[in-house]
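Structure data (compact mmCIF, C-alpha atoms) from run_36.txt:
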```txt
# COMPACT_ATOMS: atom_id res chain seq x y z
CA MET C 459 21.57 -13.84 2.04
CA ASP C 460 24.49 -14.73 -0.18
CA SER C 461 22.81 -17.15 -2.53
CA PRO C 462 22.57 -15.70 -6.04
CA GLY C 463 18.91 -16.67 -6.37
CA ILE C 464 17.90 -14.25 -3.61
CA VAL C 465 19.96 -11.44 -5.16
CA ILE C 466 18.46 -12.00 -8.62
CA ALA C 467 14.94 -12.26 -7.14
CA PHE C 468 15.41 -9.06 -5.14
CA TYR C 469 16.53 -7.02 -8.13
CA MET C 470 13.81 -8.48 -10.39
CA MET C 471 11.05 -7.82 -7.87
CA ALA C 472 12.33 -4.35 -6.98
CA GLY C 473 12.51 -3.44 -10.67
CA LEU C 474 8.99 -4.79 -11.24
CA VAL C 475 7.58 -2.87 -8.25
CA LEU C 476 9.17 0.43 -9.24
CA GLY C 477 8.58 -0.01 -12.99
CA SER C 478 4.91 -0.89 -12.73
CA GLY C 479 4.48 1.82 -10.07
CA THR C 480 5.86 4.34 -12.56
CA LEU C 481 3.48 2.96 -15.18
CA VAL C 482 0.56 3.55 -12.76
CA PHE C 483 1.61 7.19 -12.89
CA LEU C 484 2.10 7.26 -16.67
CA ALA C 485 -0.84 5.15 -17.94
CA ARG C 486 -3.52 7.08 -19.83
CA ASN C 487 -6.48 4.85 -18.97
CA LEU C 488 -7.60 4.31 -15.38
CA LEU C 489 -8.13 0.57 -15.90
CA HIS C 490 -4.64 0.16 -17.34
CA ALA C 491 -3.26 1.96 -14.27
CA LEU C 492 -5.22 -0.49 -12.11
CA ALA C 493 -3.70 -3.49 -13.94
CA PHE C 494 -0.19 -2.10 -13.39
CA LEU C 495 -1.07 -1.56 -9.73
CA VAL C 496 -1.97 -5.26 -9.43
CA ILE C 497 1.41 -6.20 -10.99
CA SER C 498 3.10 -3.92 -8.47
CA PHE C 499 1.25 -5.57 -5.56
CA LEU C 500 2.16 -9.07 -6.76
CA SER C 501 5.85 -8.28 -7.11
CA MET C 502 5.75 -6.60 -3.70
CA ALA C 503 4.52 -9.97 -2.38
CA GLY C 504 7.62 -11.50 -4.01
CA LEU C 505 9.78 -8.99 -2.12
CA PHE C 506 8.06 -10.07 1.10
CA LEU C 507 8.97 -13.68 0.29
CA THR C 508 12.64 -12.72 -0.03
CA LEU C 509 12.27 -11.27 3.49
CA SER C 510 10.99 -14.73 4.58
CA ALA C 511 7.58 -13.31 5.50
CA ASP C 512 5.42 -16.08 4.07
CA PHE C 513 2.13 -15.28 5.81
CA ILE C 514 2.29 -11.57 4.96
CA ALA C 515 3.09 -12.40 1.33
CA MET C 516 0.01 -14.60 1.05
CA ALA C 517 -2.11 -11.97 2.82
CA GLN C 518 -0.77 -9.34 0.42
CA ILE C 519 -1.80 -11.45 -2.59
CA LEU C 520 -5.25 -12.19 -1.10
CA ILE C 521 -6.11 -8.74 0.28
CA TYR C 522 -4.28 -6.26 -1.95
CA ALA C 523 -4.08 -8.02 -5.31
CA GLY C 524 -7.39 -9.80 -4.73
CA SER C 525 -9.97 -7.79 -2.87
CA ILE C 526 -8.79 -4.16 -2.90
CA SER C 527 -8.12 -4.20 -6.65
CA VAL C 528 -11.53 -5.80 -7.26
CA LEU C 529 -13.09 -3.04 -5.12
CA MET C 530 -11.34 -0.46 -7.31
CA VAL C 531 -12.59 -2.16 -10.48
CA PHE C 532 -16.09 -2.01 -8.96
CA ALA C 533 -15.66 1.71 -8.28
CA VAL C 534 -14.54 2.34 -11.88
CA MET C 535 -17.41 0.28 -13.27
CA LEU C 536 -20.03 1.89 -11.00
CA THR C 537 -19.11 5.36 -12.28
CA PRO C 538 -19.71 4.76 -16.00
CA LEU C 539 -20.24 8.38 -17.05
CA ALA C 540 -17.16 9.68 -15.29
CA SER C 541 -13.98 10.19 -17.25
CA ARG C 542 -11.55 7.26 -17.30
CA ASP C 543 -8.71 9.60 -18.13
CA ASN C 544 -5.82 9.22 -15.68
CA GLY C 545 -4.92 12.87 -15.96
CA ASN C 546 -2.85 15.14 -13.76
CA THR C 547 -3.84 18.19 -11.77
CA ILE C 548 -1.80 21.35 -11.32
CA TYR C 549 -0.36 19.79 -8.17
CA VAL C 550 1.64 17.21 -10.12
CA LEU C 551 4.84 19.23 -9.96
CA PRO C 552 4.75 19.71 -6.15
CA GLY C 553 3.83 16.03 -5.91
CA LEU C 554 6.83 14.97 -7.99
CA LEU C 555 9.07 17.27 -5.95
CA ALA C 556 7.75 15.75 -2.70
CA ALA C 557 8.28 12.26 -4.12
CA GLY C 558 11.87 13.02 -5.08
CA GLY C 559 12.48 14.61 -1.70
CA ILE C 560 11.13 11.64 0.23
CA ALA C 561 12.99 9.10 -1.91
CA THR C 562 16.34 10.90 -1.69
CA PHE C 563 15.92 11.53 2.06
CA VAL C 564 15.19 7.88 2.83
CA GLY C 565 17.92 6.78 0.42
CA PHE C 566 20.60 8.97 2.02
CA LEU C 567 19.41 7.88 5.47
CA ALA C 568 19.67 4.21 4.49
CA LEU C 569 23.09 4.66 2.86
CA ASP C 570 24.56 6.81 5.61
CA THR C 571 23.64 4.68 8.61
CA SER C 572 25.75 1.67 9.49
CA TRP C 573 23.08 -0.96 10.00
CA SER C 574 23.98 -3.78 12.33
CA GLY C 575 22.42 -7.04 13.24
CA PRO C 576 22.36 -10.38 11.48
CA ALA C 577 19.42 -11.49 9.41
CA THR C 578 16.96 -13.69 11.24
CA ASP C 579 15.67 -16.58 9.20
CA PHE C 580 12.18 -17.80 9.99
CA THR C 581 11.15 -21.27 9.00
CA THR C 582 7.52 -20.22 9.35
CA THR C 583 5.99 -17.12 10.89
CA ILE C 584 2.35 -18.15 11.13
CA ASP C 585 2.46 -19.66 14.64
CA LEU C 586 4.48 -16.72 16.01
CA ILE C 587 2.03 -14.21 14.50
CA GLY C 588 -0.94 -16.14 15.85
CA ASN C 589 0.50 -16.27 19.36
CA LEU C 590 1.21 -12.53 19.32
CA LEU C 591 -2.22 -11.66 17.89
CA LEU C 592 -4.10 -13.57 20.57
CA GLY C 593 -1.67 -12.79 23.37
CA LYS C 594 0.24 -9.50 23.46
CA TYR C 595 -1.84 -7.62 20.90
CA VAL C 596 -5.29 -9.07 21.63
CA LEU C 597 -6.85 -5.68 22.45
CA ALA C 598 -5.65 -4.14 19.18
CA PHE C 599 -6.89 -7.25 17.38
CA GLU C 600 -10.41 -6.82 18.79
CA ILE C 601 -10.41 -3.09 18.02
CA ALA C 602 -9.32 -3.82 14.44
CA SER C 603 -12.16 -6.33 14.03
CA VAL C 604 -14.71 -3.79 15.31
CA LEU C 605 -13.22 -1.16 12.98
CA LEU C 606 -13.57 -3.52 9.99
CA LEU C 607 -17.19 -4.30 10.90
CA PHE C 608 -18.12 -0.62 11.26
CA ALA C 609 -16.31 0.33 8.05
CA LEU C 610 -18.08 -2.34 6.00
CA VAL C 611 -21.52 -1.56 7.51
CA GLY C 612 -20.87 2.14 6.89
CA ALA C 613 -19.85 1.51 3.28
CA ILE C 614 -23.01 -0.54 2.65
CA MET C 615 -25.15 2.15 4.33
CA LEU C 616 -23.56 4.88 2.21
CA VAL C 617 -24.12 3.32 -1.19
CA GLN C 618 -27.55 1.75 -0.68
CA THR C 619 -30.27 3.32 -2.78
CA SER C 620 -32.87 4.69 -0.40
CA SER C 621 -36.33 3.28 -0.97
CA SER C 622 -38.92 6.00 -1.45
CA ASP C 623 -41.44 5.10 1.25
CA HIS C 624 -39.66 4.88 4.59
CA GLU C 625 -36.26 6.48 4.06
CA GLU C 626 -37.34 9.77 2.51
CA GLY C 627 -34.75 12.51 2.70
CA GLU C 628 -31.95 10.35 4.01
CA GLY C 629 -28.90 9.97 1.86
CA GLY C 630 -29.36 9.13 -1.82
CA MET D 1332 36.29 -2.56 -5.60
CA THR D 1333 35.23 -5.18 -3.10
CA GLU D 1334 33.17 -2.55 -1.27
CA ILE D 1335 31.14 -1.83 -4.38
CA TYR D 1336 30.72 -5.57 -4.92
CA GLU D 1337 29.38 -5.97 -1.38
CA LEU D 1338 27.13 -2.92 -1.83
CA ILE D 1339 25.51 -4.47 -4.87
CA PHE D 1340 25.47 -8.18 -4.12
CA GLU D 1341 25.00 -8.28 -0.33
CA ILE D 1342 21.27 -7.61 -0.05
CA GLY D 1343 20.72 -5.98 3.33
CA LEU D 1344 18.41 -3.64 5.15
CA MET D 1345 19.66 -0.68 3.11
CA HIS D 1346 18.41 -2.06 -0.19
CA TYR D 1347 14.93 -2.75 1.14
CA LEU D 1348 14.75 0.71 2.73
CA ILE D 1349 15.71 2.36 -0.57
CA VAL D 1350 12.97 0.43 -2.42
CA SER D 1351 10.50 1.25 0.37
CA GLY D 1352 11.24 4.97 0.24
CA SER D 1353 10.97 5.00 -3.55
CA VAL D 1354 7.60 3.24 -3.49
CA PHE D 1355 6.36 5.64 -0.79
CA GLY D 1356 7.49 8.64 -2.85
CA LEU D 1357 5.85 7.25 -5.98
CA GLY D 1358 2.60 6.84 -4.05
CA THR D 1359 2.90 10.43 -2.82
CA ALA D 1360 3.29 11.70 -6.37
CA ILE D 1361 0.25 9.71 -7.56
CA ALA D 1362 -1.89 10.74 -4.58
CA LEU D 1363 -1.05 14.43 -4.97
CA GLY D 1364 -1.01 14.74 -8.73
CA LYS D 1365 -3.88 12.67 -10.10
CA ARG D 1366 -7.26 14.04 -11.02
CA SER D 1367 -9.46 10.98 -10.49
CA ALA D 1368 -10.41 10.05 -6.91
CA ILE D 1369 -9.79 6.37 -7.65
CA ALA D 1370 -6.26 7.12 -8.86
CA VAL D 1371 -5.64 9.04 -5.63
CA LEU D 1372 -6.70 5.90 -3.73
CA MET D 1373 -4.22 3.86 -5.78
CA GLY D 1374 -1.48 6.25 -4.66
CA ILE D 1375 -2.48 5.85 -1.02
CA GLU D 1376 -2.36 2.06 -1.34
CA LEU D 1377 1.14 2.31 -2.85
CA MET D 1378 2.25 4.46 0.11
CA LEU D 1379 0.89 1.87 2.56
CA ASN D 1380 2.73 -0.86 0.66
CA GLY D 1381 6.02 1.02 0.95
CA SER D 1382 5.65 1.38 4.70
CA ILE D 1383 4.76 -2.32 4.99
CA LEU D 1384 8.01 -3.17 3.19
CA ALA D 1385 9.99 -1.06 5.69
CA LEU D 1386 8.31 -2.80 8.64
CA LEU D 1387 9.05 -6.26 7.29
CA ALA D 1388 12.67 -5.32 6.50
CA PHE D 1389 13.22 -4.09 10.06
CA SER D 1390 11.64 -7.30 11.32
CA ARG D 1391 14.05 -9.36 9.21
CA PHE D 1392 17.14 -7.35 10.20
CA PRO D 1393 16.50 -6.44 13.87
CA GLN D 1394 18.63 -3.56 15.16
CA ASN D 1395 17.92 -3.93 18.89
CA THR D 1396 18.09 -7.53 19.98
CA SER D 1397 18.62 -6.74 23.67
CA GLY D 1398 15.08 -5.46 24.32
CA ASP D 1399 12.06 -7.62 24.90
CA ALA D 1400 10.54 -6.86 21.51
CA GLY D 1401 9.78 -10.09 19.71
CA LEU D 1402 11.01 -10.92 16.27
CA VAL D 1403 7.69 -10.87 14.44
CA ASP D 1404 6.11 -7.76 16.00
CA GLY D 1405 6.58 -6.03 12.65
CA HIS D 1406 4.53 -8.77 11.01
CA VAL D 1407 1.70 -8.16 13.50
CA PHE D 1408 1.78 -4.42 12.73
CA VAL D 1409 1.55 -5.31 9.04
CA VAL D 1410 -1.55 -7.42 9.72
CA PHE D 1411 -3.20 -4.38 11.34
CA ILE D 1412 -2.13 -2.13 8.44
CA LEU D 1413 -3.66 -4.59 5.97
CA SER D 1414 -7.02 -4.64 7.78
CA VAL D 1415 -7.13 -0.85 8.15
CA ALA D 1416 -6.23 -0.47 4.46
CA ALA D 1417 -9.10 -2.76 3.48
CA ALA D 1418 -11.55 -0.77 5.63
CA GLU D 1419 -10.26 2.54 4.26
CA ALA D 1420 -10.52 1.37 0.65
CA ALA D 1421 -14.11 0.17 1.14
CA VAL D 1422 -15.26 3.44 2.74
CA ALA D 1423 -13.41 5.67 0.29
CA LEU D 1424 -14.73 3.85 -2.77
CA ALA D 1425 -18.27 4.01 -1.35
CA LEU D 1426 -17.81 7.77 -0.90
CA SER D 1427 -16.60 8.17 -4.49
CA VAL D 1428 -19.64 6.26 -5.77
CA LEU D 1429 -21.85 8.54 -3.63
CA VAL D 1430 -20.19 11.68 -5.03
CA TYR D 1431 -20.66 10.27 -8.53
CA ARG D 1432 -24.42 9.92 -7.91
CA LYS D 1433 -24.62 13.62 -7.01
CA ARG D 1434 -22.24 15.14 -9.55
CA GLU D 1435 -21.76 12.45 -12.24
CA THR D 1436 -18.00 12.82 -11.92
CA VAL D 1437 -15.19 11.70 -9.63
CA ASP D 1438 -12.89 14.45 -10.90
CA LEU D 1439 -11.41 16.04 -7.81
CA ASP D 1440 -10.98 19.40 -9.59
CA ARG D 1441 -14.71 19.58 -10.28
CA ILE D 1442 -15.92 18.59 -6.81
CA ASN D 1443 -16.09 22.12 -5.42
CA LEU D 1444 -19.21 22.09 -3.24
CA MET D 1445 -17.36 23.69 -0.34
CA ARG D 1446 -15.74 26.47 -2.37
CA TRP D 1447 -17.18 29.96 -1.79
```

Mind turning this structure into structure tokens?
Amino acid sequence: MDSPGIVIAFYMMAGLVLGSGTLVFLARNLLHALAFLVISFLSMAGLFLTLSADFIAMAQILIYAGSISVLMVFAVMLTPLASRDNGNTIYVLPGLLAAGGIATFVGFLALDTSWSGPATDFTTTIDLIGNLLLGKYVLAFEIASVLLLFALVGAIMLVQTSSSDHEEGEGG
Amino acid sequence: MTEIYELIFEIGLMHYLIVSGSVFGLGTAIALGKRSAIAVLMGIELMLNGSILALLAFSRFPQNTSGDAGLVDGHVFVVFILSVAAAEAAVALALSVLVYRKRETVDLDRINLMRW
């Protein structure tokens, strides 16, 4: 962990994550906030790479920066008459107070504890993750797959436009 | 002087936990304070990302090496968080599109069907 490249990469990525996260809060247009959110996800994937989590970094790029952001663009585009203003409610002050409280609490906790343990370097994590997913955590893996299937079927069922002849009075 | 040097240039668990808590707090502020339902979802995704960073940091710097917990269990938890986040985003965005069809808005202040 002593090589200067890792230190420079950590500070760059942490600054990008926090800076673009702040810009998600400050942007006036909802689509601009979404673009800053994608930048934040990508630099978070860079932070995962400095933690030598290669598979999770790729999954972060594919799932978060790829599919979830595209889903959000779809949701913005499918609501064309709604306001694209990224405005605040009256709860923004309690929200900011809660944010400052959480950040300072975790920060003091991290600074005050004497963390032990050497860093473990993985050459690759994919085979270890695969063995755990199909061995120790196979039940949770199956439940997660069923959950994904039900969520996607439910999402499709929610947004489908009901045809007038045989689905009268259901949804829509 | 050398302590401050180590604090800044020895990247350890502490640095990642500080970034993780800051990202989680930022997500909390966005989720609580924004008017649009889609912006609230963005805040929730930022909160999930912060917790993922904490899990990966604890997996990189293990504190209890005597137990039988493996080294990449945190990575497996992150895989489950990613799949649940994808499912949650799909369902929540479908719900916001459905609310838009009824009310022509996704403004959370103006969705007051259950107010008496």

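Minimum atom-to-atom distances from D:Ile1369, D:Ala1420, D:Val1409, D:Val1415 to Val1437 (chain D) were compared using all atoms listed in the file, and the lowest value belongs to D:Ile1369.
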
Write out as a ChimeraX atom specification each polymer residue whose atoms come within 9 Å of Ala523 (chain C), counting all atoms listed in the file; drop sequence neighbours fewer than 2 positions from it. /C:495-500,518-521,525-528

For Gly1381 (chain D), find every residue with an atom within 6 Å (counting only C-alpha atoms), except residues of its own chain fewer than 6 positions away, and show them as a PyMOL selection string. chain D and resi 1351+1354-1355

Interatomic distance between CA of Val1403 (chain D) and CA of Arg1391 (chain D)? 8.4 Å

Which residue gives the smallest distance to chain D among C:Ile584, C:Val596, C:Ala561, C:Leu555, with all atoms listed in the file counted? C:Ala561

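Look at Thr537 (chain C): the protein and nucleic acid residues within 7 Å of it, using all atoms listed in the file and passing over chain neighbours fewer than 3 places away, are Ala533, Val534 and Ala540 of chain C; Val1428 and Tyr1431 of chain D.
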
From the options C:Thr619, C:Thr562, C:Asn589, C:Thr571, which residue's atoms come nearest to Gly1352 (chain D), counting all atoms listed in the file? C:Thr562

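When all atoms listed in the file are used to compute distances to chain C, the closest of the residues D:Ile1375, D:Leu1386, D:Leu1426, D:Met1445 turns out to be D:Leu1426.
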
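Take CA of Ala1425 (chain D) and CA of Ile614 (chain C): the distance between them is 7.7 Å.
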
Fix up region 582-610 of chain C with N, CA and C atoms, then write it as a compact mmCIF listing (two decimals), in the coordinates of the input.
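File selection.txt, as written:
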```
# COMPACT_ATOMS: atom_id res chain seq x y z
N THR C 582 8.89 -20.66 9.63
CA THR C 582 7.52 -20.22 9.35
C THR C 582 7.17 -19.17 10.38
N THR C 583 6.33 -18.21 9.98
CA THR C 583 5.99 -17.12 10.89
C THR C 583 4.56 -17.21 11.39
N ILE C 584 3.79 -18.18 10.89
CA ILE C 584 2.35 -18.15 11.13
C ILE C 584 2.05 -18.39 12.61
N ASP C 585 2.76 -19.37 13.23
CA ASP C 585 2.46 -19.66 14.64
C ASP C 585 2.90 -18.52 15.54
N LEU C 586 4.03 -17.87 15.20
CA LEU C 586 4.48 -16.72 16.01
C LEU C 586 3.48 -15.57 15.91
N ILE C 587 3.00 -15.29 14.67
CA ILE C 587 2.03 -14.21 14.50
C ILE C 587 0.74 -14.52 15.24
N GLY C 588 0.30 -15.77 15.17
CA GLY C 588 -0.94 -16.14 15.85
C GLY C 588 -0.83 -16.00 17.35
N ASN C 589 0.31 -16.42 17.92
CA ASN C 589 0.50 -16.27 19.36
C ASN C 589 0.50 -14.81 19.77
N LEU C 590 1.17 -13.96 18.96
CA LEU C 590 1.21 -12.53 19.32
C LEU C 590 -0.17 -11.90 19.18
N LEU C 591 -0.92 -12.28 18.13
CA LEU C 591 -2.22 -11.66 17.89
C LEU C 591 -3.21 -11.99 18.99
N LEU C 592 -3.16 -13.22 19.51
CA LEU C 592 -4.10 -13.57 20.57
C LEU C 592 -3.50 -13.45 21.95
N GLY C 593 -2.26 -12.95 22.06
CA GLY C 593 -1.67 -12.79 23.37
C GLY C 593 -1.36 -11.33 23.68
N LYS C 594 -0.23 -10.84 23.12
CA LYS C 594 0.24 -9.50 23.46
C LYS C 594 -0.64 -8.42 22.85
N TYR C 595 -1.12 -8.66 21.62
CA TYR C 595 -1.84 -7.62 20.90
C TYR C 595 -3.33 -7.94 20.78
N VAL C 596 -3.91 -8.61 21.78
CA VAL C 596 -5.29 -9.07 21.63
C VAL C 596 -6.27 -7.89 21.64
N LEU C 597 -5.94 -6.83 22.39
CA LEU C 597 -6.85 -5.68 22.45
C LEU C 597 -6.89 -4.97 21.09
N ALA C 598 -5.70 -4.76 20.50
CA ALA C 598 -5.65 -4.14 19.18
C ALA C 598 -6.34 -5.01 18.13
N PHE C 599 -6.23 -6.32 18.31
CA PHE C 599 -6.89 -7.25 17.38
C PHE C 599 -8.40 -7.08 17.43
N GLU C 600 -8.96 -7.00 18.66
CA GLU C 600 -10.41 -6.82 18.79
C GLU C 600 -10.84 -5.48 18.23
N ILE C 601 -10.05 -4.42 18.52
CA ILE C 601 -10.41 -3.09 18.02
C ILE C 601 -10.38 -3.08 16.49
N ALA C 602 -9.39 -3.77 15.90
CA ALA C 602 -9.32 -3.82 14.44
C ALA C 602 -10.52 -4.55 13.86
N SER C 603 -10.99 -5.61 14.56
CA SER C 603 -12.16 -6.33 14.03
C SER C 603 -13.40 -5.46 14.11
N VAL C 604 -13.55 -4.69 15.19
CA VAL C 604 -14.71 -3.79 15.31
C VAL C 604 -14.63 -2.69 14.24
N LEU C 605 -13.41 -2.19 14.00
CA LEU C 605 -13.22 -1.16 12.98
C LEU C 605 -13.62 -1.69 11.61
N LEU C 606 -13.22 -2.93 11.29
CA LEU C 606 -13.57 -3.52 9.99
C LEU C 606 -15.08 -3.66 9.85
N LEU C 607 -15.73 -4.13 10.94
CA LEU C 607 -17.19 -4.30 10.90
C LEU C 607 -17.88 -2.97 10.66
N PHE C 608 -17.47 -1.92 11.41
CA PHE C 608 -18.12 -0.62 11.26
C PHE C 608 -17.85 -0.04 9.88
N ALA C 609 -16.63 -0.22 9.36
CA ALA C 609 -16.31 0.33 8.05
C ALA C 609 -17.15 -0.34 6.97
N LEU C 610 -17.33 -1.66 7.05
CA LEU C 610 -18.08 -2.34 6.00
C LEU C 610 -19.57 -2.00 6.10
```
